[in-house]
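File shown here: final16.txt, holding compact mmCIF, C-alpha atoms and all ligand atoms.
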# COMPACT_ATOMS: atom_id res chain seq x y z
CA MET A 1 0.00 0.00 0.00
CA PRO A 2 2.63 2.56 0.73
CA GLY A 3 3.65 5.50 -1.42
CA TYR A 4 5.71 6.76 1.52
CA GLU A 5 8.23 3.99 0.88
CA VAL A 6 9.28 5.56 -2.41
CA LEU A 7 9.43 9.22 -1.39
CA GLY A 8 12.64 10.55 -2.89
CA GLU A 9 14.38 13.13 -5.05
CA GLU A 10 11.42 13.49 -7.44
CA GLU A 11 9.13 14.61 -4.61
CA LYS A 12 11.83 16.97 -3.29
CA LYS A 13 12.22 18.59 -6.71
CA GLN A 14 8.47 19.12 -7.05
CA ILE A 15 8.17 20.59 -3.56
CA LEU A 16 11.11 22.94 -4.06
CA GLU A 17 9.40 24.40 -7.14
CA VAL A 18 6.42 25.30 -4.96
CA LEU A 19 8.59 26.80 -2.24
CA ALA A 20 10.50 28.82 -4.83
CA SER A 21 7.22 30.26 -6.11
CA LYS A 22 6.23 31.14 -2.51
CA VAL A 23 2.59 30.39 -3.38
CA LEU A 24 1.14 27.54 -1.31
CA PHE A 25 -2.49 28.24 -2.23
CA ARG A 26 -4.03 26.54 -5.26
CA TYR A 27 -6.04 29.54 -6.47
CA GLU A 28 -5.07 33.06 -7.56
CA PHE A 29 -1.65 34.78 -7.10
CA HIS A 30 -1.09 34.39 -10.85
CA ALA A 31 1.78 36.86 -11.09
CA GLN A 32 3.77 35.53 -8.13
CA ARG A 33 3.46 31.85 -8.93
CA ALA A 34 5.26 32.10 -12.28
CA GLY A 35 3.28 29.35 -13.94
CA VAL A 36 3.43 26.89 -11.01
CA TYR A 37 -0.01 25.31 -10.52
CA LYS A 38 0.72 21.96 -8.89
CA VAL A 39 -2.78 21.04 -7.72
CA ALA A 40 -4.25 21.81 -11.13
CA GLU A 41 -1.47 19.82 -12.82
CA PHE A 42 -2.01 16.90 -10.46
CA GLU A 43 -5.75 16.94 -11.21
CA LYS A 44 -5.06 16.88 -14.94
CA ALA A 45 -2.53 14.06 -14.67
CA PHE A 46 -4.84 12.07 -12.37
CA SER A 47 -7.88 12.45 -14.61
CA GLU A 48 -5.82 11.27 -17.59
CA TYR A 49 -4.47 8.33 -15.58
CA CYS A 50 -7.99 7.31 -14.53
CA GLY A 51 -9.53 7.95 -17.94
CA VAL A 52 -12.13 10.38 -16.59
CA LYS A 53 -13.09 13.84 -17.78
CA CYS A 54 -12.77 15.64 -14.44
CA ALA A 55 -10.76 15.30 -11.24
CA LEU A 56 -10.98 17.56 -8.19
CA ALA A 57 -8.23 17.42 -5.58
CA VAL A 58 -9.41 17.76 -1.98
CA SER A 59 -7.94 17.72 1.52
CA SER A 60 -8.54 14.03 2.34
CA GLY A 61 -10.32 10.87 1.24
CA THR A 62 -13.00 11.56 3.84
CA ALA A 63 -13.46 15.03 2.31
CA ALA A 64 -13.70 13.42 -1.14
CA LEU A 65 -16.66 11.34 0.05
CA LYS A 66 -18.31 14.34 1.69
CA VAL A 67 -17.83 16.48 -1.43
CA ALA A 68 -19.19 13.72 -3.71
CA LEU A 69 -22.29 13.33 -1.52
CA ALA A 70 -22.85 17.12 -1.56
CA ALA A 71 -22.38 17.27 -5.34
CA LEU A 72 -25.10 14.64 -5.69
CA GLY A 73 -27.35 16.67 -3.37
CA ILE A 74 -27.51 13.97 -0.69
CA GLY A 75 -28.46 14.95 2.87
CA PRO A 76 -31.08 14.62 5.62
CA GLY A 77 -33.92 12.25 4.76
CA ASP A 78 -31.72 10.26 2.39
CA GLU A 79 -30.13 6.82 2.71
CA VAL A 80 -26.87 5.62 1.21
CA ILE A 81 -26.15 1.89 0.87
CA THR A 82 -22.59 0.92 1.73
CA GLN A 83 -20.80 -2.09 3.24
CA GLY A 84 -19.84 -3.28 6.73
CA PHE A 85 -16.20 -3.88 5.85
CA THR A 86 -14.58 -0.52 5.17
CA PHE A 87 -12.78 2.23 7.03
CA VAL A 88 -15.07 4.28 9.31
CA ALA A 89 -14.63 7.32 7.04
CA THR A 90 -17.07 5.86 4.49
CA TRP A 91 -20.07 5.97 6.81
CA GLU A 92 -18.82 8.97 8.80
CA ALA A 93 -19.07 10.99 5.58
CA ILE A 94 -22.63 9.76 5.02
CA LEU A 95 -23.65 10.69 8.57
CA GLU A 96 -21.82 14.02 8.27
CA ALA A 97 -23.86 14.77 5.13
CA GLY A 98 -26.99 14.21 7.23
CA ALA A 99 -27.94 10.98 5.45
CA ILE A 100 -28.19 7.50 6.99
CA PRO A 101 -25.74 4.71 6.05
CA ILE A 102 -27.44 1.41 5.29
CA PHE A 103 -25.05 -1.52 5.51
CA ALA A 104 -25.16 -4.33 2.94
CA GLU A 105 -23.29 -7.63 3.21
CA ILE A 106 -19.99 -8.27 1.47
CA ASP A 107 -19.16 -11.35 -0.61
CA ASP A 108 -15.95 -13.30 -1.24
CA THR A 109 -14.42 -10.23 -2.90
CA LEU A 110 -14.61 -8.65 0.59
CA CYS A 111 -16.52 -5.84 -1.11
CA MET A 112 -20.24 -5.13 -1.49
CA ASP A 113 -22.27 -8.13 -2.66
CA PRO A 114 -24.22 -6.93 -5.74
CA GLY A 115 -26.95 -9.41 -4.81
CA ALA A 116 -27.42 -7.72 -1.43
CA ILE A 117 -28.26 -4.28 -2.79
CA ARG A 118 -31.93 -4.73 -3.70
CA LYS A 119 -32.74 -5.98 -0.19
CA LYS A 120 -31.57 -2.64 1.20
CA VAL A 121 -33.14 -0.24 -1.31
CA THR A 122 -35.99 2.00 -0.15
CA SER A 123 -37.63 5.08 -1.61
CA ARG A 124 -35.05 7.09 0.36
CA THR A 125 -31.97 5.44 -1.22
CA LYS A 126 -30.03 8.20 -3.00
CA ALA A 127 -26.68 6.51 -3.65
CA ILE A 128 -24.91 3.16 -3.58
CA LEU A 129 -21.40 3.40 -2.16
CA PRO A 130 -19.30 0.27 -2.69
CA VAL A 131 -15.74 0.24 -1.36
CA HIS A 132 -12.91 -1.35 -3.33
CA MET A 133 -11.28 -2.78 -0.24
CA CYS A 134 -7.63 -3.70 0.20
CA GLY A 135 -6.45 -3.02 -3.33
CA GLY A 136 -8.92 -5.37 -5.04
CA GLN A 137 -12.11 -4.73 -6.95
CA ALA A 138 -15.74 -4.89 -5.96
CA ARG A 139 -17.93 -6.61 -8.59
CA ILE A 140 -18.30 -3.11 -9.94
CA ASP A 141 -19.87 -4.03 -13.29
CA GLU A 142 -22.64 -5.93 -11.52
CA ILE A 143 -23.07 -3.20 -8.90
CA THR A 144 -23.41 -0.45 -11.51
CA GLY A 145 -25.73 -2.77 -13.47
CA VAL A 146 -28.11 -3.09 -10.50
CA ALA A 147 -27.78 0.64 -9.69
CA ASN A 148 -28.51 1.69 -13.27
CA LYS A 149 -31.66 -0.45 -13.34
CA LEU A 150 -32.76 1.22 -10.11
CA GLY A 151 -31.75 4.67 -11.37
CA ILE A 152 -29.53 5.27 -8.33
CA PRO A 153 -26.04 6.80 -8.69
CA VAL A 154 -22.94 4.90 -7.56
CA ILE A 155 -20.13 6.57 -5.62
CA GLU A 156 -17.00 4.39 -5.61
CA ASP A 157 -14.86 4.57 -2.50
CA THR A 158 -11.52 3.90 -4.18
CA ALA A 159 -9.43 5.12 -1.23
CA GLN A 160 -7.70 1.75 -0.91
CA ALA A 161 -7.42 0.85 -4.59
CA CYS A 162 -5.84 3.79 -6.41
CA GLY A 163 -4.40 2.46 -9.67
CA GLY A 164 -6.61 -0.62 -9.70
CA SER A 165 -8.75 -1.51 -12.69
CA PHE A 166 -11.47 -3.86 -13.84
CA LYS A 167 -11.17 -5.23 -17.38
CA GLY A 168 -8.84 -2.39 -18.35
CA LYS A 169 -11.00 0.43 -16.95
CA LYS A 170 -9.71 2.23 -13.87
CA LEU A 171 -11.55 1.87 -10.57
CA GLY A 172 -13.15 5.17 -9.65
CA SER A 173 -14.35 5.67 -13.23
CA PHE A 174 -17.37 3.33 -13.14
CA GLY A 175 -19.80 5.23 -10.95
CA ALA A 176 -21.16 8.77 -11.09
CA MET A 177 -18.24 9.74 -8.87
CA GLY A 178 -15.04 8.14 -7.59
CA CYS A 179 -13.33 9.05 -4.31
CA PHE A 180 -9.63 8.54 -3.56
CA SER A 181 -7.39 9.01 -0.53
CA PHE A 182 -3.73 9.98 -0.50
CA ASP A 183 -3.25 9.80 3.26
CA SER A 184 0.02 8.70 4.77
CA VAL A 185 -0.44 4.94 4.24
CA LYS A 186 -2.10 4.94 0.82
CA THR A 187 -0.72 3.62 -2.48
CA ILE A 188 0.28 7.14 -3.43
CA THR A 189 0.52 9.71 -0.68
CA THR A 190 0.41 13.47 -0.33
CA GLY A 191 0.53 13.23 3.49
CA GLU A 192 -3.17 14.03 3.66
CA GLY A 193 -5.24 14.47 0.54
CA GLY A 194 -7.86 13.02 -1.75
CA MET A 195 -9.44 13.24 -5.18
CA VAL A 196 -12.96 13.18 -6.58
CA THR A 197 -13.36 11.90 -10.14
CA THR A 198 -16.31 12.14 -12.51
CA ASP A 199 -17.24 12.26 -16.17
CA ASP A 200 -20.12 14.59 -15.42
CA GLN A 201 -19.20 18.26 -15.85
CA ASN A 202 -22.20 19.39 -13.80
CA LEU A 203 -21.26 17.17 -10.84
CA TYR A 204 -17.67 18.38 -11.12
CA THR A 205 -18.76 22.01 -11.01
CA ARG A 206 -20.93 21.39 -7.96
CA ALA A 207 -18.10 19.50 -6.24
CA SER A 208 -15.58 22.19 -7.09
CA GLU A 209 -17.83 24.94 -5.74
CA TYR A 210 -18.81 23.05 -2.60
CA HIS A 211 -15.18 22.23 -1.67
CA ASP A 212 -14.27 25.93 -1.76
CA HIS A 213 -16.97 27.75 0.25
CA GLY A 214 -19.33 27.75 -2.73
CA HIS A 215 -17.08 30.00 -4.88
CA ASP A 216 -18.21 29.76 -8.49
CA HIS A 217 -14.61 30.05 -9.76
CA ASP A 218 -15.53 32.58 -12.42
CA VAL A 219 -12.09 33.31 -13.89
CA ARG A 220 -13.30 36.52 -15.55
CA VAL A 221 -13.89 38.36 -12.29
CA GLY A 222 -11.11 37.08 -9.99
CA ARG A 223 -11.48 35.41 -6.64
CA GLY A 224 -12.61 38.41 -4.57
CA LEU A 225 -15.61 39.06 -6.81
CA GLU A 226 -16.74 35.47 -7.32
CA LYS A 227 -20.38 34.67 -6.57
CA ARG A 228 -21.81 31.60 -4.84
CA ASN A 229 -24.58 29.31 -6.05
CA PHE A 230 -24.88 27.62 -2.65
CA VAL A 231 -23.10 27.35 0.69
CA GLY A 232 -19.98 25.22 0.84
CA PHE A 233 -17.01 24.48 3.01
CA ASN A 234 -13.20 24.33 2.81
CA TYR A 235 -11.89 21.00 1.56
CA ARG A 236 -9.12 22.45 -0.64
CA MET A 237 -5.82 20.73 -1.37
CA MET A 238 -2.68 22.85 -1.08
CA GLU A 239 0.15 23.25 -3.59
CA LEU A 240 2.68 21.21 -1.61
CA GLN A 241 0.31 18.25 -1.72
CA GLY A 242 -0.27 18.69 -5.44
CA ALA A 243 3.51 18.64 -5.93
CA LEU A 244 3.85 15.40 -3.97
CA GLY A 245 0.95 13.86 -5.88
CA LEU A 246 2.57 14.59 -9.24
CA ALA A 247 5.81 12.84 -8.26
CA GLN A 248 3.99 9.91 -6.65
CA LEU A 249 1.66 9.35 -9.61
CA GLU A 250 4.69 8.87 -11.86
CA LYS A 251 5.79 5.98 -9.64
CA LEU A 252 2.42 4.30 -9.22
CA ASP A 253 2.51 1.81 -12.09
CA PRO A 254 6.23 1.30 -12.79
CA VAL A 255 7.41 1.07 -9.19
CA ILE A 256 4.69 0.75 -6.56
CA ILE A 257 2.19 -1.62 -8.21
CA LYS A 258 4.90 -3.54 -10.07
CA ARG A 259 6.90 -4.34 -6.94
CA GLN A 260 3.83 -5.06 -4.83
CA ARG A 261 2.70 -7.59 -7.42
CA GLU A 262 6.09 -9.31 -7.38
CA ASN A 263 6.16 -9.47 -3.59
CA LYS A 264 2.57 -10.65 -3.34
CA GLN A 265 3.21 -13.46 -5.80
CA VAL A 266 6.08 -14.87 -3.69
CA LEU A 267 3.83 -15.12 -0.64
CA LYS A 268 0.84 -16.35 -2.62
CA ASP A 269 2.90 -19.20 -4.07
CA ALA A 270 3.82 -20.30 -0.55
CA LEU A 271 0.22 -20.17 0.65
CA THR A 272 -1.06 -22.02 -2.42
CA ALA A 273 0.84 -25.05 -1.15
CA VAL A 274 -1.02 -25.02 2.19
CA LYS A 275 -3.92 -27.48 2.26
CA GLY A 276 -7.27 -25.80 2.90
CA VAL A 277 -6.14 -22.27 2.04
CA THR A 278 -8.21 -20.40 -0.56
CA PHE A 279 -7.88 -16.83 -1.73
CA ARG A 280 -10.07 -13.77 -1.80
CA THR A 281 -11.87 -13.51 -5.16
CA LEU A 282 -10.52 -10.75 -7.39
CA PRO A 283 -13.06 -10.09 -10.18
CA ASP A 284 -10.10 -9.16 -12.42
CA PRO A 285 -6.71 -10.33 -11.05
CA GLU A 286 -4.95 -8.30 -13.79
CA GLY A 287 -6.23 -5.09 -12.21
CA ASP A 288 -5.24 -5.90 -8.61
CA ILE A 289 -2.80 -3.36 -7.15
CA ALA A 290 -1.55 -6.12 -4.86
CA SER A 291 -1.41 -4.03 -1.69
CA PHE A 292 -2.83 -6.90 0.38
CA LEU A 293 -2.78 -10.69 0.20
CA ILE A 294 -6.01 -12.02 1.68
CA PHE A 295 -6.63 -15.72 2.18
CA PHE A 296 -9.26 -17.87 3.84
CA LEU A 297 -9.01 -20.87 6.13
CA PRO A 298 -11.93 -23.33 6.06
CA THR A 299 -13.12 -22.44 9.59
CA THR A 300 -12.83 -19.59 12.09
CA GLU A 301 -10.95 -21.86 14.46
CA LYS A 302 -8.41 -22.78 11.78
CA ALA A 303 -7.98 -19.12 10.85
CA ARG A 304 -7.22 -18.23 14.47
CA THR A 305 -4.80 -21.18 14.80
CA PHE A 306 -2.99 -20.13 11.61
CA ALA A 307 -2.84 -16.48 12.69
CA MET A 308 -1.48 -17.37 16.11
CA ALA A 309 1.19 -19.62 14.63
CA MET A 310 2.31 -16.86 12.23
CA ALA A 311 2.34 -14.36 15.09
CA GLN A 312 4.54 -16.66 17.16
CA GLU A 313 7.05 -16.51 14.32
CA GLY A 314 6.99 -12.70 14.47
CA SER A 315 4.75 -12.15 11.41
CA PRO A 316 1.17 -11.70 12.60
CA PRO A 317 -1.38 -11.42 9.79
CA VAL A 318 -4.19 -8.87 10.06
CA TYR A 319 -7.41 -10.41 11.36
CA TRP A 320 -10.08 -7.95 10.19
CA HIS A 321 -12.78 -9.66 12.26
CA GLU A 322 -11.18 -8.20 15.39
CA ASN A 323 -10.28 -4.89 13.76
CA THR A 324 -11.90 -1.84 15.34
CA TRP A 325 -11.26 0.44 12.37
CA HIS A 326 -12.64 -1.60 9.50
CA TYR A 327 -15.31 -4.03 10.67
CA TYR A 328 -18.94 -3.17 11.47
CA GLY A 329 -19.11 -5.48 14.49
CA LYS A 330 -16.32 -3.56 16.20
CA TRP A 331 -17.55 0.02 15.58
CA GLU A 332 -18.74 0.56 19.16
CA HIS A 333 -19.37 4.29 18.68
CA LEU A 334 -21.69 3.58 15.74
CA LEU A 335 -23.41 0.60 17.36
CA GLU A 336 -23.93 2.52 20.61
CA GLY A 337 -24.99 5.70 18.78
CA LYS A 338 -22.39 7.90 20.48
CA SER A 339 -22.54 11.54 19.42
CA PRO A 340 -20.50 14.54 20.56
CA LEU A 341 -23.64 16.70 20.35
CA SER A 342 -26.06 17.23 23.24
CA SER A 343 -28.99 16.51 20.91
CA GLY A 344 -27.55 13.08 20.06
CA TYR A 345 -27.61 13.95 16.31
CA PRO A 346 -27.05 12.18 13.91
CA PHE A 347 -28.44 9.21 15.86
CA ARG A 348 -31.36 11.22 17.28
CA ASP A 349 -33.42 14.07 15.89
CA PRO A 350 -33.78 17.41 17.74
CA GLU A 351 -36.88 16.06 19.56
CA GLY A 352 -34.87 13.10 20.86
CA ALA A 353 -36.44 10.45 18.61
CA VAL A 354 -34.11 7.80 17.14
CA ARG A 355 -33.27 8.56 13.48
CA ALA A 356 -30.60 5.86 13.02
CA SER A 357 -29.67 2.75 14.97
CA PHE A 358 -27.34 -0.10 14.15
CA HIS A 359 -27.60 -3.65 15.48
CA PRO A 360 -24.31 -5.47 16.20
CA GLU A 361 -25.57 -8.72 14.63
CA ALA A 362 -26.98 -7.11 11.49
CA LEU A 363 -24.33 -8.49 9.11
CA PRO A 364 -23.91 -12.25 9.75
CA ILE A 365 -22.43 -12.99 6.31
CA THR A 366 -19.83 -10.21 6.62
CA SER A 367 -18.96 -11.55 10.08
CA SER A 368 -18.66 -15.13 8.85
CA ILE A 369 -16.47 -14.21 5.86
CA LEU A 370 -14.13 -11.99 7.88
CA SER A 371 -13.84 -14.56 10.67
CA LYS A 372 -12.11 -16.92 8.23
CA ALA A 373 -9.98 -14.31 6.45
CA LEU A 374 -6.34 -13.50 7.18
CA THR A 375 -4.39 -10.70 5.53
CA ILE A 376 -0.75 -10.01 4.86
CA PRO A 377 -0.15 -6.35 3.95
CA ILE A 378 2.23 -6.07 0.99
CA ASN A 379 4.95 -3.47 0.87
CA VAL A 380 6.96 -2.05 -2.02
CA ASN A 381 10.28 -2.70 -0.29
CA MET A 382 9.87 -5.98 1.54
CA GLU A 383 12.84 -8.01 0.36
CA LYS A 384 14.13 -8.22 3.93
CA ASP A 385 10.71 -9.21 5.32
CA LEU A 386 9.89 -11.92 2.81
CA PRO A 387 12.07 -14.72 4.28
CA GLY A 388 10.52 -14.19 7.75
CA LYS A 389 7.00 -14.21 6.33
CA LEU A 390 7.68 -17.36 4.29
CA LYS A 391 9.04 -19.05 7.41
CA ALA A 392 5.95 -18.02 9.37
CA ILE A 393 3.66 -19.42 6.66
CA GLY A 394 5.60 -22.70 6.67
CA LYS A 395 5.42 -22.97 10.45
CA ALA A 396 1.70 -22.12 10.51
CA ALA A 397 1.06 -24.78 7.87
CA GLU A 398 2.77 -27.37 10.11
CA VAL A 399 0.75 -26.29 13.16
CA LEU A 400 -2.46 -26.46 11.10
CA LYS A 401 -1.62 -29.98 9.90
CA ALA A 402 -0.87 -31.17 13.41
CA ALA A 403 -4.04 -29.64 14.90
C1 LIG B 501 -11.99 2.83 2.42
C2 LIG B 501 -11.57 4.19 2.90
N1 LIG B 501 -12.36 5.24 2.65
C3 LIG B 501 -12.02 6.48 3.03
C4 LIG B 501 -10.84 6.72 3.69
C5 LIG B 501 -10.54 8.09 4.19
O1 LIG B 501 -9.37 8.63 3.64
P1 LIG B 501 -8.56 9.76 4.44
O2 LIG B 501 -7.76 9.09 5.51
O3 LIG B 501 -7.71 10.35 3.38
O4 LIG B 501 -9.54 10.73 4.97
C6 LIG B 501 -9.97 5.66 3.96
C7 LIG B 501 -8.70 5.87 4.69
O5 LIG B 501 -8.12 4.98 5.26
C8 LIG B 501 -10.33 4.35 3.55
O6 LIG B 501 -9.57 3.29 3.78

Please re-express this file's structure in structure tokens.
Ligand SMILES: Cc1ncc(COP(=O)(O)O)c(C=O)c1O
Amino acid sequence: MPGYEVLGEEEKKQILEVLASKVLFRYEFHAQRAGVYKVAEFEKAFSEYCGVKCALAVSSGTAALKVALAALGIGPGDEVITQGFTFVATWEAILEAGAIPIFAEIDDTLCMDPGAIRKKVTSRTKAILPVHMCGGQARIDEITGVANKLGIPVIEDTAQACGGSFKGKKLGSFGAMGCFSFDSVKTITTGEGGMVTTDDQNLYTRASEYHDHGHDHDVRVGRGLEKRNFVGFNYRMMELQGALGLAQLEKLDPVIIKRQRENKQVLKDALTAVKGVTFRTLPDPEGDIASFLIFFLPTTEKARTFAMAMAQEGSPPVYWHENTWHYYGKWEHLLEGKSPLSSGYPFRDPEGAVRASFHPEALPITSSILSKALTIPINVNMEKDLPGKLKAIGKAAEVLKAA
């Protein structure tokens, strides 16, 4: 997953250009900046890379989701269908918009099950928000197929799968809008940062205005005289981040994804030899960015035994079922409806009535799938780690056999 591993001279060069211009702000200051527009350049390069018409850089992946929801006009009274295996940001953004997240089950891709969508649709459903988890793809063609029939827009949370594709088309370019994160542990990083992608000029304009206090960005009048079509907020990216993004994007395919694929294959080969191990389904293995290797054991007990044996060798795999950041069953603040506000919003309305509640046992299939899944995060530079991980896999296989 990590763009930070390849930070180097290219990023330094880009950043120094910004510092030399002395303009850190993405808009205005045309005379001082001497032609340096890093955020705008990054947006252009990113939209070309993703094969979309428009890209809007924002301050984080969470902001990208919030901006996309606002662009689509989603708010109080609306529901958004998402999944119970994701980072909390996905549903935080939905709640922050004033809408209610409705959680659908995942399937063996560890992403939204297209077959689970219809069961969750109501007259209030205003978007379907699948998450391309852990570098792999959701069954995005099937999901957009269902959504199109229902006439509901899809927002792709592509925070964890930047650079991934399905049948040659980049993830984040299938739905009405795609959302990316460039935070410190993502495939490419700008420290904090994100991107919203779309082919729809109208949605882009709304997103662009909303992320900058509603400014209409009328270049004829200049920033101080711009008008506003609606209220917005500040989710802008700054020039230093744009500079980092440009350097990182250059490395995404030839260095980051390439090396991750090589490293993943070494570990996958070793696991293929272990009886009972199966792998997470990737709808298009060619488009996997290989930032995680996820495998299943036949039972929960066997998964725990295998994980413990690997941990004893100093290489613990990630067990998402116990993970408090990514798994519905462990989101205690959501399940207990904990709000910082005295009114209890967004879980309660101003009169105190419950507007959203979430049952811990609501996603039995997601729970069952994750309870058997183990994950090895893949790095770009892991030559030194590979022997230890291979040894741990070998040892765990022996323990499993003896059990
Ligand atoms: C699936 C998913 N969505 C959204 C985000 C939010 O991105 P950011 O940390 O840039 O706000 C993340 C970050 O980890 C993520 O994994």

Region 283-286 of chain A surroundings by all atoms listed in the file, 12 Å radius, close-in-sequence under 2 positions cut, as a PDB file with C-alpha atoms, in the frame of the given file:
ATOM      1  CA  ASP A 107     -19.160 -11.350  -0.610  1.00  0.00           C
ATOM      2  CA  ASP A 108     -15.950 -13.300  -1.240  1.00  0.00           C
ATOM      3  CA  THR A 109     -14.420 -10.230  -2.900  1.00  0.00           C
ATOM      4  CA  LEU A 110     -14.610  -8.650   0.590  1.00  0.00           C
ATOM      5  CA  CYS A 111     -16.520  -5.840  -1.110  1.00  0.00           C
ATOM      6  CA  HIS A 132     -12.910  -1.350  -3.330  1.00  0.00           C
ATOM      7  CA  GLY A 135      -6.450  -3.020  -3.330  1.00  0.00           C
ATOM      8  CA  GLY A 136      -8.920  -5.370  -5.040  1.00  0.00           C
ATOM      9  CA  GLN A 137     -12.110  -4.730  -6.950  1.00  0.00           C
ATOM     10  CA  ALA A 138     -15.740  -4.890  -5.960  1.00  0.00           C
ATOM     11  CA  ARG A 139     -17.930  -6.610  -8.590  1.00  0.00           C
ATOM     12  CA  ILE A 140     -18.300  -3.110  -9.940  1.00  0.00           C
ATOM     13  CA  ASP A 141     -19.870  -4.030 -13.290  1.00  0.00           C
ATOM     14  CA  GLU A 142     -22.640  -5.930 -11.520  1.00  0.00           C
ATOM     15  CA  GLY A 163      -4.400   2.460  -9.670  1.00  0.00           C
ATOM     16  CA  GLY A 164      -6.610  -0.620  -9.700  1.00  0.00           C
ATOM     17  CA  SER A 165      -8.750  -1.510 -12.690  1.00  0.00           C
ATOM     18  CA  PHE A 166     -11.470  -3.860 -13.840  1.00  0.00           C
ATOM     19  CA  LYS A 167     -11.170  -5.230 -17.380  1.00  0.00           C
ATOM     20  CA  GLY A 168      -8.840  -2.390 -18.350  1.00  0.00           C
ATOM     21  CA  LYS A 169     -11.000   0.430 -16.950  1.00  0.00           C
ATOM     22  CA  LYS A 170      -9.710   2.230 -13.870  1.00  0.00           C
ATOM     23  CA  LEU A 171     -11.550   1.870 -10.570  1.00  0.00           C
ATOM     24  CA  ILE A 257       2.190  -1.620  -8.210  1.00  0.00           C
ATOM     25  CA  LYS A 258       4.900  -3.540 -10.070  1.00  0.00           C
ATOM     26  CA  ARG A 261       2.700  -7.590  -7.420  1.00  0.00           C
ATOM     27  CA  GLN A 265       3.210 -13.460  -5.800  1.00  0.00           C
ATOM     28  CA  PHE A 279      -7.880 -16.830  -1.730  1.00  0.00           C
ATOM     29  CA  ARG A 280     -10.070 -13.770  -1.800  1.00  0.00           C
ATOM     30  CA  THR A 281     -11.870 -13.510  -5.160  1.00  0.00           C
ATOM     31  CA  ASP A 288      -5.240  -5.900  -8.610  1.00  0.00           C
ATOM     32  CA  ILE A 289      -2.800  -3.360  -7.150  1.00  0.00           C
ATOM     33  CA  ALA A 290      -1.550  -6.120  -4.860  1.00  0.00           C
ATOM     34  CA  LEU A 293      -2.780 -10.690   0.200  1.00  0.00           C
TER      35      LEU A 293
END

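With distances taken from (-21.4, -4.0, 11.4) and restricted to all atoms listed in the file, the residues inside 6 Å are Gly84, Tyr328, Gly329, Pro360 and Leu363 of chain A.
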
Quick one: which chain A residues come within 8 Å of ligand LIG 501 (chain B), and what is the nearest atom pair for each with the distance in Å to one decimal, counting all atoms listed in the file, rows ordered by chain and ascending number, as a Markdown table?
| residue | atom | partner | partner_atom | distance |
| --- | --- | --- | --- | --- |
| A:Ser59 | CA | B:LIG501 | O3 | 7.6 |
| A:Ser60 | CA | B:LIG501 | O3 | 3.9 |
| A:Gly61 | CA | B:LIG501 | O3 | 3.4 |
| A:Thr62 | CA | B:LIG501 | O4 | 3.7 |
| A:Ala63 | CA | B:LIG501 | O4 | 6.4 |
| A:Ala64 | CA | B:LIG501 | O4 | 7.9 |
| A:Leu65 | CA | B:LIG501 | C3 | 7.4 |
| A:Thr86 | CA | B:LIG501 | C1 | 5.0 |
| A:Phe87 | CA | B:LIG501 | O6 | 4.7 |
| A:Val88 | CA | B:LIG501 | N1 | 7.3 |
| A:Ala89 | CA | B:LIG501 | C3 | 4.9 |
| A:Thr90 | CA | B:LIG501 | N1 | 5.1 |
| A:Val131 | CA | B:LIG501 | C1 | 5.9 |
| A:His132 | CA | B:LIG501 | C1 | 7.2 |
| A:Met133 | CA | B:LIG501 | C1 | 6.2 |
| A:Asp157 | CA | B:LIG501 | N1 | 5.8 |
| A:Thr158 | CA | B:LIG501 | C1 | 6.7 |
| A:Ala159 | CA | B:LIG501 | C2 | 4.7 |
| A:Gln160 | CA | B:LIG501 | O6 | 5.3 |
| A:Cys179 | CA | B:LIG501 | C3 | 7.9 |
| A:Phe180 | CA | B:LIG501 | O1 | 7.2 |
| A:Ser181 | CA | B:LIG501 | O3 | 4.1 |
| A:Phe182 | CA | B:LIG501 | O3 | 5.6 |
| A:Asp183 | CA | B:LIG501 | O3 | 4.5 |
| A:Ser184 | CA | B:LIG501 | O2 | 7.8 |
| A:Val185 | CA | B:LIG501 | O5 | 7.7 |
| A:Lys186 | CA | B:LIG501 | O5 | 7.5 |
| A:Glu192 | CA | B:LIG501 | O3 | 5.9 |
| A:Gly193 | CA | B:LIG501 | O3 | 5.6 |
| A:Gly194 | CA | B:LIG501 | O3 | 5.8 |

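Distances here use only C-alpha atoms; by that measure, the residue among A:Val219, A:Leu56, A:Leu252, A:Met237 closest to Asp199 (chain A) is A:Leu56.
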
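Using all atoms listed in the file, the smallest distance between any of A:Val58, A:Ala127, A:Leu240, A:Cys50 and Ala99 (chain A) comes from A:Ala127.
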
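Each of A:His359, A:Arg220, A:Lys12, A:Lys268 was checked against Gln248 (chain A) using only C-alpha atoms; the smallest atom-to-atom distance is that of A:Lys12.
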
Using all atoms listed in the file, which protein or nucleic acid residues come within 12 Å of Val274 (chain A)? Drop anything in the same chain fewer than 2 positions from it, and give the result as a tab-separated table (two decimals) with C-alpha atoms, in the coordinates of the input.
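Output saved as out13.tsv:
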chain	number	residue	atom	x	y	z
A	267	LEU	CA	3.83	-15.12	-0.64
A	268	LYS	CA	0.84	-16.35	-2.62
A	269	ASP	CA	2.90	-19.20	-4.07
A	270	ALA	CA	3.82	-20.30	-0.55
A	271	LEU	CA	0.22	-20.17	0.65
A	272	THR	CA	-1.06	-22.02	-2.42
A	276	GLY	CA	-7.27	-25.80	2.90
A	277	VAL	CA	-6.14	-22.27	2.04
A	278	THR	CA	-8.21	-20.40	-0.56
A	279	PHE	CA	-7.88	-16.83	-1.73
A	295	PHE	CA	-6.63	-15.72	2.18
A	296	PHE	CA	-9.26	-17.87	3.84
A	297	LEU	CA	-9.01	-20.87	6.13
A	298	PRO	CA	-11.93	-23.33	6.06
A	306	PHE	CA	-2.99	-20.13	11.61
A	390	LEU	CA	7.68	-17.36	4.29
A	393	ILE	CA	3.66	-19.42	6.66
A	394	GLY	CA	5.60	-22.70	6.67
A	395	LYS	CA	5.42	-22.97	10.45
A	396	ALA	CA	1.70	-22.12	10.51
A	397	ALA	CA	1.06	-24.78	7.87
A	398	GLU	CA	2.77	-27.37	10.11
A	399	VAL	CA	0.75	-26.29	13.16
A	400	LEU	CA	-2.46	-26.46	11.10
A	401	LYS	CA	-1.62	-29.98	9.90
